[in-house]
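**Q** Quick one: the structure is below, and I'll ask about it shortly.
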Amino acid sequence: MIGGFILSLIVVVGTQAIVGKAVWEAWGWRIPFILSLALLAISLWMRLMLRESPVFLAMKKAGAQAKNPIKEAFTAPGNKKRMFVAMIGIAAGFTVIAYTVMFQALYFLQNGLHVAAGVAQLLVGGSAFIGMGAFIFFGWLSDRIGRKKPIVIGYALVLLLALPLYQFMGATANPALTQAAQRAPVVVSGPDCRFDPFAKVQPTACGKLLDHFSKRGIPYDKRDGVVPAVAIGGVAVSDLSAKGLDAALGARGYDFGAVTPDWPRAMMVFAALLLLWTLSGATYGPVAALLSEYFPARIRYSSLSIPYHIGTGYFGGFLPLVSQYIVARTGNPYAGLWYTLAIVALALVTCLVALPETKDRSLDA
């Protein structure tokens, strides 16, 4: 996962540098998708060259492989519980952490804090490159102390540190934005202040205001009112169009220009990202071995692939949508992390209560 993320950043940044900003925005963004066809061919070749495991070959020779592995995955004694634990305790937990430090961190730096795109990509991509070592380290460590312990400790530390680390990045990468929000707080009021996360254009006037401010990383308080209204630093804004709102914000000290943190602040943001990558490595590094050891050999692949893809696809896939919805509803740019923290808390409890230690378990069973 992390290697693919780094490679995608290299391709995107490299393409932007070669074709230029104007061409990229017009049609150049399609180039990385075209290049991905080559990766598809390579991945297919790699899959065709893979050999089956000795355990599977032995079962096949003995005629003991499952006749209907998907059916048996749901009917084998105790296996539905194992799949549930793998889905919630493992796949959902490590995925929301990985997505929070990959995609959410990049979006937060670029859109929420207005850090220059190249700088944000370099910070996230560079920290990811170094952070790959954590995935290898915790995989190695799990061979010595067990699979469960690094995952559980990683989950607990994410619950304690994720929000403070994001707040630290916000205050460090763009302190002027934080100061402007404290000096001239934004208040949005109006009737029917609904936010529809599925709508391309919000259906209500107040919803459009929430959408505008939340996508710019501007914190705000939301109040009931007779008509849609915005006050910035206690001063009412007369023009509620996008241009009018941005002009009013600019007049009160909000700067939406691309920010390039100086070297010390950039390194502090880099360190915060690297710590998040380390926690991601703690929860992800032991997973391949754990899942292989957790399920019976006869139905291993089906049993682990079903909860893995549901946990990663749905719990991770909905993270951007849900987090943006929470941010828009609350007016708090950091509130989107509540989704990550809720899933990680659920995963932690699931692991503590129901996940056994699998280290040294025979793969033949």
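Labels for the structure tokens follow display order: chains A, B, ..., residues from 1 in each chain, ligands from 1.
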If DSSP is run on the backbone, what residues of stretch 70-285 of chain A are alpha helix (DSSP H)? A reply as a PyMOL selection string would be ideal.
**A** chain A and resi 70-75+79-85+93-99+105-107+117-145+148-173+175-183+205-215+242-251+263-284
**Q** Keeping only C-alpha atoms, take the residues you just selected and write them out as a short mmCIF file (atom, residue, chain, number, x, y, z; two decimals), in the first residue's frame.
**A**
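Once written, part01.cif looks like this:
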```cif
data_model
loop_
_atom_site.label_atom_id
_atom_site.label_comp_id
_atom_site.auth_asym_id
_atom_site.auth_seq_id
_atom_site.Cartn_x
_atom_site.Cartn_y
_atom_site.Cartn_z
CA ILE A 70 -16.56 -19.36 -0.13
CA LYS A 71 -19.34 -21.54 1.27
CA GLU A 72 -16.99 -23.29 3.64
CA ALA A 73 -15.60 -19.94 4.81
CA PHE A 74 -19.04 -19.13 6.21
CA THR A 75 -19.93 -22.62 7.44
CA ASN A 79 -14.90 -19.09 11.07
CA LYS A 80 -17.61 -16.42 10.89
CA LYS A 81 -16.28 -15.04 14.17
CA ARG A 82 -12.73 -15.11 12.85
CA MET A 83 -13.79 -13.23 9.70
CA PHE A 84 -15.63 -10.62 11.77
CA VAL A 85 -12.59 -10.07 13.98
CA GLY A 93 -8.48 -0.52 11.91
CA PHE A 94 -5.20 -0.43 10.01
CA THR A 95 -6.86 0.92 6.84
CA VAL A 96 -8.38 4.04 8.39
CA ILE A 97 -5.03 4.79 10.01
CA ALA A 98 -3.16 4.35 6.73
CA TYR A 99 -5.69 6.45 4.81
CA ALA A 105 -2.91 14.30 5.51
CA LEU A 106 -2.20 15.37 1.93
CA TYR A 107 -5.69 16.85 1.55
CA ALA A 117 1.05 21.56 -3.44
CA GLY A 118 4.65 20.63 -4.20
CA VAL A 119 5.71 21.15 -0.59
CA ALA A 120 2.76 19.15 0.76
CA GLN A 121 3.47 16.28 -1.64
CA LEU A 122 7.15 16.32 -0.72
CA LEU A 123 6.39 16.25 3.01
CA VAL A 124 3.86 13.43 2.79
CA GLY A 125 5.77 11.45 0.15
CA GLY A 126 9.15 11.89 1.86
CA SER A 127 7.80 10.86 5.26
CA ALA A 128 6.10 7.87 3.62
CA PHE A 129 9.38 6.79 2.02
CA ILE A 130 11.22 6.84 5.34
CA GLY A 131 8.15 5.46 7.12
CA MET A 132 8.33 2.29 5.02
CA GLY A 133 11.02 1.18 7.42
CA ALA A 134 8.44 1.06 10.21
CA PHE A 135 6.34 -1.47 8.30
CA ILE A 136 9.36 -3.74 7.87
CA PHE A 137 10.49 -3.23 11.46
CA PHE A 138 7.14 -4.09 13.04
CA GLY A 139 6.78 -7.11 10.78
CA TRP A 140 10.18 -8.28 12.05
CA LEU A 141 9.29 -7.38 15.64
CA SER A 142 6.07 -9.39 15.47
CA ASP A 143 8.16 -12.49 14.77
CA ARG A 144 9.69 -12.02 18.19
CA ILE A 145 7.02 -10.58 20.49
CA LYS A 148 -1.18 -8.86 18.50
CA LYS A 149 0.94 -6.67 20.75
CA PRO A 150 2.26 -4.16 18.14
CA ILE A 151 -1.23 -3.81 16.64
CA VAL A 152 -2.94 -3.19 19.98
CA ILE A 153 -0.27 -0.73 21.14
CA GLY A 154 -0.41 1.02 17.76
CA TYR A 155 -4.17 1.42 18.00
CA ALA A 156 -3.92 2.82 21.52
CA LEU A 157 -1.25 5.34 20.52
CA VAL A 158 -3.30 6.46 17.50
CA LEU A 159 -6.23 7.19 19.81
CA LEU A 160 -3.96 9.29 22.02
CA LEU A 161 -1.85 11.06 19.39
CA ALA A 162 -3.72 11.43 16.08
CA LEU A 163 -5.73 14.53 16.99
CA PRO A 164 -2.86 16.33 18.79
CA LEU A 165 -0.53 15.60 15.87
CA TYR A 166 -2.98 17.04 13.34
CA GLN A 167 -3.51 20.11 15.52
CA PHE A 168 0.25 20.47 15.81
CA MET A 169 0.60 20.32 12.02
CA GLY A 170 -2.13 22.93 11.65
CA ALA A 171 -0.49 25.34 14.07
CA THR A 172 2.97 24.73 12.60
CA ALA A 173 2.39 24.62 8.84
CA PRO A 175 0.13 29.60 11.98
CA ALA A 176 -1.32 32.70 10.29
CA LEU A 177 -4.53 30.80 9.49
CA THR A 178 -4.86 29.66 13.11
CA GLN A 179 -4.25 33.20 14.36
CA ALA A 180 -6.79 34.65 11.91
CA ALA A 181 -9.42 32.16 13.10
CA GLN A 182 -8.80 33.19 16.70
CA ARG A 183 -8.77 36.89 15.91
CA ALA A 205 -28.24 28.54 0.79
CA CYS A 206 -26.91 27.83 4.28
CA GLY A 207 -25.53 24.48 3.10
CA LYS A 208 -23.57 26.30 0.39
CA LEU A 209 -21.98 28.46 3.09
CA LEU A 210 -20.96 25.39 5.11
CA ASP A 211 -19.50 23.80 1.98
CA HIS A 212 -17.52 26.93 1.13
CA PHE A 213 -15.91 27.36 4.54
CA SER A 214 -15.29 23.68 5.28
CA LYS A 215 -13.45 23.13 1.99
CA ALA A 242 -17.96 32.74 -3.05
CA LYS A 243 -15.97 35.77 -4.18
CA GLY A 244 -17.65 37.98 -1.62
CA LEU A 245 -16.92 35.57 1.22
CA ASP A 246 -13.27 35.19 0.21
CA ALA A 247 -12.90 38.96 -0.07
CA ALA A 248 -14.39 39.44 3.40
CA LEU A 249 -12.12 36.74 4.83
CA GLY A 250 -9.09 38.35 3.18
CA ALA A 251 -10.02 41.76 4.59
CA TRP A 263 12.76 24.90 7.01
CA PRO A 264 12.32 24.44 10.81
CA ARG A 265 8.51 24.37 10.59
CA ALA A 266 8.57 22.07 7.58
CA MET A 267 10.78 19.63 9.48
CA MET A 268 8.40 19.69 12.45
CA VAL A 269 5.49 18.83 10.16
CA PHE A 270 7.65 16.13 8.59
CA ALA A 271 8.37 14.68 12.04
CA ALA A 272 4.65 14.62 12.90
CA LEU A 273 3.88 12.81 9.65
CA LEU A 274 6.70 10.35 10.24
CA LEU A 275 5.30 9.53 13.67
CA LEU A 276 1.91 8.87 12.11
CA TRP A 277 3.57 6.61 9.52
CA THR A 278 5.31 4.76 12.35
CA LEU A 279 1.97 4.11 14.06
CA SER A 280 0.56 2.94 10.73
CA GLY A 281 3.50 0.57 10.40
CA ALA A 282 2.87 -0.84 13.88
CA THR A 283 -0.71 -1.74 12.96
CA TYR A 284 0.02 -2.91 9.40
#
```
**Q** Which polymer residues have any atom within 12 Å of an atom of A:Val353, counting only C-alpha atoms, with same-chain residues fewer than 2 positions away left out, as a list in words?
**A** Lys81, Val85, Gly89, Lys148, Val152, Leu346, Ala347, Leu348, Val349, Thr350, Cys351, Leu355, Pro356 and Glu357 of chain A
**Q** Export, as a PDB file, in the first residue's frame, the selected residues with N, CA and C atoms.
**A**
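Final file, out14.pdb:
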```pdb
ATOM      1  N   LYS A  81     -16.837 -15.913  13.144  1.00  0.00           N
ATOM      2  CA  LYS A  81     -16.282 -15.044  14.173  1.00  0.00           C
ATOM      3  C   LYS A  81     -14.889 -14.570  13.780  1.00  0.00           C
ATOM      4  N   VAL A  85     -13.720 -10.664  13.268  1.00  0.00           N
ATOM      5  CA  VAL A  85     -12.587 -10.075  13.984  1.00  0.00           C
ATOM      6  C   VAL A  85     -11.564  -9.537  12.994  1.00  0.00           C
ATOM      7  N   GLY A  89     -11.381  -5.770  13.578  1.00  0.00           N
ATOM      8  CA  GLY A  89     -10.196  -5.599  14.410  1.00  0.00           C
ATOM      9  C   GLY A  89      -8.925  -5.357  13.630  1.00  0.00           C
ATOM     10  N   LYS A 148      -0.122  -9.656  17.895  1.00  0.00           N
ATOM     11  CA  LYS A 148      -1.182  -8.861  18.499  1.00  0.00           C
ATOM     12  C   LYS A 148      -0.650  -7.622  19.216  1.00  0.00           C
ATOM     13  N   VAL A 152      -2.164  -3.761  18.880  1.00  0.00           N
ATOM     14  CA  VAL A 152      -2.939  -3.188  19.982  1.00  0.00           C
ATOM     15  C   VAL A 152      -2.278  -1.906  20.500  1.00  0.00           C
ATOM     16  N   LEU A 346     -13.059   0.947  17.993  1.00  0.00           N
ATOM     17  CA  LEU A 346     -13.796  -0.306  17.800  1.00  0.00           C
ATOM     18  C   LEU A 346     -12.835  -1.449  17.482  1.00  0.00           C
ATOM     19  N   ALA A 347     -11.835  -1.178  16.656  1.00  0.00           N
ATOM     20  CA  ALA A 347     -10.850  -2.203  16.317  1.00  0.00           C
ATOM     21  C   ALA A 347     -10.040  -2.615  17.537  1.00  0.00           C
ATOM     22  N   LEU A 348      -9.682  -1.645  18.364  1.00  0.00           N
ATOM     23  CA  LEU A 348      -8.910  -1.944  19.569  1.00  0.00           C
ATOM     24  C   LEU A 348      -9.685  -2.849  20.515  1.00  0.00           C
ATOM     25  N   VAL A 349     -10.940  -2.512  20.748  1.00  0.00           N
ATOM     26  CA  VAL A 349     -11.764  -3.340  21.635  1.00  0.00           C
ATOM     27  C   VAL A 349     -11.927  -4.745  21.059  1.00  0.00           C
ATOM     28  N   THR A 350     -12.153  -4.820  19.750  1.00  0.00           N
ATOM     29  CA  THR A 350     -12.310  -6.125  19.098  1.00  0.00           C
ATOM     30  C   THR A 350     -11.068  -6.981  19.275  1.00  0.00           C
ATOM     31  N   CYS A 351      -9.898  -6.385  19.081  1.00  0.00           N
ATOM     32  CA  CYS A 351      -8.653  -7.137  19.229  1.00  0.00           C
ATOM     33  C   CYS A 351      -8.421  -7.570  20.670  1.00  0.00           C
ATOM     34  N   LEU A 355      -9.274 -11.264  19.558  1.00  0.00           N
ATOM     35  CA  LEU A 355      -8.177 -11.684  18.696  1.00  0.00           C
ATOM     36  C   LEU A 355      -7.154 -12.497  19.482  1.00  0.00           C
ATOM     37  N   PRO A 356      -6.922 -13.753  19.102  1.00  0.00           N
ATOM     38  CA  PRO A 356      -5.895 -14.545  19.781  1.00  0.00           C
ATOM     39  C   PRO A 356      -4.515 -14.237  19.219  1.00  0.00           C
ATOM     40  N   GLU A 357      -3.499 -14.594  19.949  1.00  0.00           N
ATOM     41  CA  GLU A 357      -2.139 -14.488  19.428  1.00  0.00           C
ATOM     42  C   GLU A 357      -1.906 -15.644  18.464  1.00  0.00           C
TER      43      GLU A 357
END
```
**Q** Once DSSP has gone over the backbone, tell me which residues of stretch 15-203 of chain A are in strand (DSSP E), as a list in words.
**A**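 Of stretch 15-203 of chain A, the ones in strand (DSSP E) are Val186, Val187, Val188, Ser189 and Gly190 of chain A.
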**Q** Restricting it to N, CA and C atoms, dump the selection as an mmCIF file, in the first residue's frame.
**A**
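Result file follows (part16.cif):
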```cif
data_model
loop_
_atom_site.group_PDB
_atom_site.id
_atom_site.type_symbol
_atom_site.label_atom_id
_atom_site.label_comp_id
_atom_site.auth_asym_id
_atom_site.auth_seq_id
_atom_site.Cartn_x
_atom_site.Cartn_y
_atom_site.Cartn_z
ATOM 1 N N VAL A 186 -15.498 32.983 12.556
ATOM 2 C CA VAL A 186 -16.579 32.996 11.573
ATOM 3 C C VAL A 186 -17.824 32.369 12.199
ATOM 4 N N VAL A 187 -18.966 33.038 11.998
ATOM 5 C CA VAL A 187 -20.251 32.527 12.462
ATOM 6 C C VAL A 187 -21.187 32.427 11.264
ATOM 7 N N VAL A 188 -21.740 31.241 11.041
ATOM 8 C CA VAL A 188 -22.694 31.008 9.960
ATOM 9 C C VAL A 188 -24.054 30.758 10.575
ATOM 10 N N SER A 189 -25.048 31.456 10.095
ATOM 11 C CA SER A 189 -26.397 31.276 10.630
ATOM 12 C C SER A 189 -27.398 31.224 9.489
ATOM 13 N N GLY A 190 -28.545 30.643 9.767
ATOM 14 C CA GLY A 190 -29.584 30.572 8.762
ATOM 15 C C GLY A 190 -30.525 29.413 9.013
#
```
**Q** I need the residue nearest A:Phe318 from this list: A:Leu352, A:Leu35, A:Ala92, A:Ala17. Use only C-alpha atoms for the distance.
**A**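 Result for the nearest residue to A:Phe318: A:Ala92.
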**Q** What is the atom CA of A:Thr330 to atom CA of A:Pro219 distance in Å?
**A** 8.7 Å
**Q** To one decimal place, how far is atom CA of A:Ala41 from atom CA of A:Leu291 in Å?
**A**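 Interatomic distance, atom CA of A:Ala41 to atom CA of A:Leu291: 27.4 Å.
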**Q** Taking only C-alpha atoms into account, name the residue in A:Arg47, A:Ala236, A:Cys193, A:Val11 that is nearest to A:Ile31.
**A**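 Comparing A:Arg47, A:Ala236, A:Cys193, A:Val11 against A:Ile31, the winner is A:Val11.
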**Q** Tell me, in Å to one decimal, how far atom CA of A:Gly112 is from atom CA of A:Gln324.
**A**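 A separation of 11.2 Å between them.
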